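**Q** Below you'll find the structure I mean.
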Amino acid sequence: MTGPVITGVGVVAPNGLDREAWWQATLDGKSGLGRISRFDPSPYPAQVAGEATGFVPADHAPRRLVSETDAMTQYAFAATNEALADAGVDPAALNDLDMAVITANSSGGVEFGQRELEKLYAEGPQAVGAYMSIAWFYAATTGQLSIRHGMRGPCGVLCSEQAGGLDVLAQARRVLAKGTRLVVSGGTDASLSPYGLVCQLANGRLSEESRPERAYLPFDSRARGYVPGEGGAILTVESLDDARARGTGRIYGQVAGYAATFDPRPGSGRPPGLRRAAELALADAETGPEGVDVVFADGAGLPEQDRQEAEALTGLFGRGGVPVSVPKTMTGRLYAGGAPLDVAAAVLALRDQVVPPSVNVRPDPVHGLDLVTDRPREARLRTALVLARGYGGFNAAVVLRSV
């Protein structure tokens, strides 16, 4: 199957509040990780995160909408505005039923929900706003974007943690194949509130290192967990024919292949499903491992998960067989926003012919990976593989190709 193409990219991230600012910071190795500033994190074992510091919601949506929405949706407002402008899309010029919104979500509107619950306990039910019933909901971002931009096609939301950010591209491909002309896809998450942090701590995977430069070190012998972050990326996706007919100024890349798998039950003795997802995605793209020029890894930052991913990559490509990058070392893991941000990094890498670095990491030789560290690496790039895993056993892989 000929895959759809990505024609617009919008970003909100801890190290850059728009696409080009984030991309330049990423190439410069500039990290957005730091001690949590939104609230006092000292009572919590995990105190480092990637915050979208300086983001002003009212710059991207009417104040009325800002008061009715959680930060996760406000980030999506900004990223969607940027993606549509980047693609040269005027939604008013298209039939509303020809446009869809399909986003990923993991955290829900936890900050908004916590704020309203505090009002309930302190002031009583009359103090709770009506939008409590909407803003916390995992589908709120899709709904708000659909309403704001008049996109009434086959909309939806997928919840498979970080893997969901790739799963939505597959769903976009499906609806485009059935006649939809344009899909706004990707994801943003915002889980940095006291309640949100407590929820994350329950999985036992967050880094408790207090030094930001040591807190998130995937594929490093010092790795002890990951750092959470907020933000993500929104992409405009359409068929190649429609994009060319519309006269778009840029095509970032084609979604050439996709696959998803689910890990077996722990203790079953069966292997994890990440390598199988990558193999199936490559087969879907009608290419083999030799056709991949760069891999954007999931990079869990946990010894066992890193070992599993490294074994999947060396099993496919051989030891040191392909450059590997984990730019999320500068943002933290953004949950449903993390994989779309990796897709954004991948298509910009294809555009600029450069592999962004992973920062602060000293790769453990036992993993056998050609991990790009410290500075960007110029390379001839045509095809990128993006991997994502979601807590609970989700795996997804997407192959992106220059057009």
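Letters for chains follow the order of the structure tokens (A, B, ...), residue numbers begin at 1 for each chain, and ligand numbers begin at 1 in the order shown.
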Find the nearest atom pair between each residue of region 307-392 of chain A and region 157-176 of chain A for residues within 12 Å, count only C-alpha atoms, give distances in Å to one decimal, sort rows by chain and ascending number, and present the table as a Markdown table.
**A**
| residue | atom | partner | partner_atom | distance |
| --- | --- | --- | --- | --- |
| A:Gly332 | CA | A:Gln162 | CA | 11.9 |
| A:Arg333 | CA | A:Gln162 | CA | 8.2 |
| A:Leu334 | CA | A:Gln162 | CA | 7.5 |
| A:Tyr335 | CA | A:Gln162 | CA | 4.4 |
| A:Ala336 | CA | A:Gln162 | CA | 4.6 |
| A:Gly337 | CA | A:Gly165 | CA | 6.3 |
| A:Gly338 | CA | A:Gln162 | CA | 6.1 |
| A:Ala339 | CA | A:Gly165 | CA | 4.8 |
| A:Pro340 | CA | A:Gly165 | CA | 5.2 |
| A:Leu341 | CA | A:Gly165 | CA | 8.5 |
| A:Asp342 | CA | A:Gly165 | CA | 9.2 |
| A:Val343 | CA | A:Leu166 | CA | 8.2 |
| A:Ala344 | CA | A:Gly165 | CA | 11.2 |
| A:Leu385 | CA | A:Leu166 | CA | 11.2 |
| A:Val386 | CA | A:Leu166 | CA | 8.4 |
| A:Leu387 | CA | A:Ala163 | CA | 8.0 |
| A:Ala388 | CA | A:Ala163 | CA | 4.8 |
| A:Arg389 | CA | A:Ala163 | CA | 4.9 |
| A:Gly390 | CA | A:Glu161 | CA | 4.5 |
| A:Tyr391 | CA | A:Glu161 | CA | 6.2 |
| A:Gly392 | CA | A:Ser160 | CA | 8.3 |
**Q** List as a list in words the protein and nucleic acid residues near Gly109 (chain A), meaning an atom at most 9 Å away when only C-alpha atoms are counted, but skip any in the same chain fewer than 5 places from it.
**A** Thr69, Asp70, Ala71, Met72, Thr73, Gln114, Ile134, Ala135, Trp136, Phe137, Tyr138, Ala140, Asp189, Ala190 and Ser191 of chain A
**Q** List the neighbours of Arg214 (chain A) out to 10 Å using only C-alpha atoms; skip same-chain residues closer than 6 positions along the sequence, and give me the result as a PyMOL selection string.
**A** chain A and resi 207-208+222-224+360-361
**Q** Go ahead and save the picked residues with C-alpha atoms, as a PDB file, in the first residue's frame.
**A**
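As written to disk, result_7.pdb reads:
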ATOM      1  CA  SER A 207      14.030   8.118  37.867  1.00  0.00           C
ATOM      2  CA  GLU A 208      14.682   9.327  41.413  1.00  0.00           C
ATOM      3  CA  ARG A 222      23.910   4.198  34.964  1.00  0.00           C
ATOM      4  CA  ALA A 223      20.277   4.092  33.779  1.00  0.00           C
ATOM      5  CA  ARG A 224      17.788   3.877  36.643  1.00  0.00           C
ATOM      6  CA  ASN A 360      24.393  12.969  28.650  1.00  0.00           C
ATOM      7  CA  VAL A 361      24.511   9.288  27.688  1.00  0.00           C
TER       8      VAL A 361
END
**Q** Find the spatial neighbours of Ser42 (chain A), counting only C-alpha atoms, within a cut-off of 12 Å - ignore same-chain residues fewer than 6 positions away - and output them as a ChimeraX atom specification.
**A** /A:35-36,48,194,208,210
**Q** Emit the selected residues as a PDB file, in the first residue's frame, including N, CA, C and O atoms.
**A**
ATOM      1  N   ARG A  35      14.494  20.560  37.577  1.00  0.00           N
ATOM      2  CA  ARG A  35      13.673  20.300  38.764  1.00  0.00           C
ATOM      3  C   ARG A  35      12.278  20.868  38.525  1.00  0.00           C
ATOM      4  O   ARG A  35      12.116  21.965  38.011  1.00  0.00           O
ATOM      5  N   ILE A  36      11.266  20.119  38.900  1.00  0.00           N
ATOM      6  CA  ILE A  36       9.884  20.550  38.706  1.00  0.00           C
ATOM      7  C   ILE A  36       9.673  21.892  39.395  1.00  0.00           C
ATOM      8  O   ILE A  36      10.019  22.074  40.572  1.00  0.00           O
ATOM      9  N   VAL A  48      12.531  15.507  38.921  1.00  0.00           N
ATOM     10  CA  VAL A  48      13.004  16.070  37.658  1.00  0.00           C
ATOM     11  C   VAL A  48      11.991  15.770  36.566  1.00  0.00           C
ATOM     12  O   VAL A  48      11.437  14.666  36.498  1.00  0.00           O
ATOM     13  N   PRO A 194       0.714  17.422  40.971  1.00  0.00           N
ATOM     14  CA  PRO A 194       0.935  16.464  42.067  1.00  0.00           C
ATOM     15  C   PRO A 194       0.187  15.153  41.872  1.00  0.00           C
ATOM     16  O   PRO A 194       0.760  14.073  42.055  1.00  0.00           O
ATOM     17  N   GLU A 208      14.643   8.572  40.163  1.00  0.00           N
ATOM     18  CA  GLU A 208      14.682   9.327  41.413  1.00  0.00           C
ATOM     19  C   GLU A 208      15.970  10.128  41.550  1.00  0.00           C
ATOM     20  O   GLU A 208      16.241  10.696  42.611  1.00  0.00           O
ATOM     21  N   SER A 210      18.199  13.266  41.308  1.00  0.00           N
ATOM     22  CA  SER A 210      17.854  14.686  41.432  1.00  0.00           C
ATOM     23  C   SER A 210      18.628  15.582  40.469  1.00  0.00           C
ATOM     24  O   SER A 210      18.251  16.732  40.258  1.00  0.00           O
TER      25      SER A 210
END
**Q** Quick one: which region 31-150 of chain A residues come within 6 Å of region 7-13 of chain A, and what is the nearest atom pair for each with the distance in Å to one decimal, counting only C-alpha atoms, rows ordered by chain and ascending number, as CSV?
**A**
residue,atom,partner,partner_atom,distance
A:Ala52,CA,A:Ala13,CA,5.7
A:Ala79,CA,A:Gly10,CA,4.1
A:Thr80,CA,A:Gly10,CA,6.0
A:Glu82,CA,A:Gly10,CA,4.7
A:Ala83,CA,A:Gly10,CA,4.3
A:Asp86,CA,A:Gly8,CA,4.9
A:Ala87,CA,A:Gly8,CA,4.3
**Q** Residues as selected, C-alpha atoms, written as a compact mmCIF listing (two decimals), in the first residue's frame, can you do that?
**A**
# COMPACT_ATOMS: atom_id res chain seq x y z
CA ALA A 52 7.09 23.43 28.71
CA ALA A 79 0.85 22.53 17.74
CA THR A 80 -2.19 22.17 15.47
CA GLU A 82 1.53 25.45 13.59
CA ALA A 83 1.02 22.19 11.68
CA ASP A 86 3.13 24.69 7.92
CA ALA A 87 1.08 22.57 5.52
**Q** List as a ChimeraX atom specification the protein and nucleic acid residues near region 372-374 of chain A, meaning an atom at most 12 Å away when only C-alpha atoms are counted, but skip any in the same chain fewer than 2 places from it.
**A** /A:26-31,217-220,294-297,320,322-327,329-330,354-363,369-370,376-379
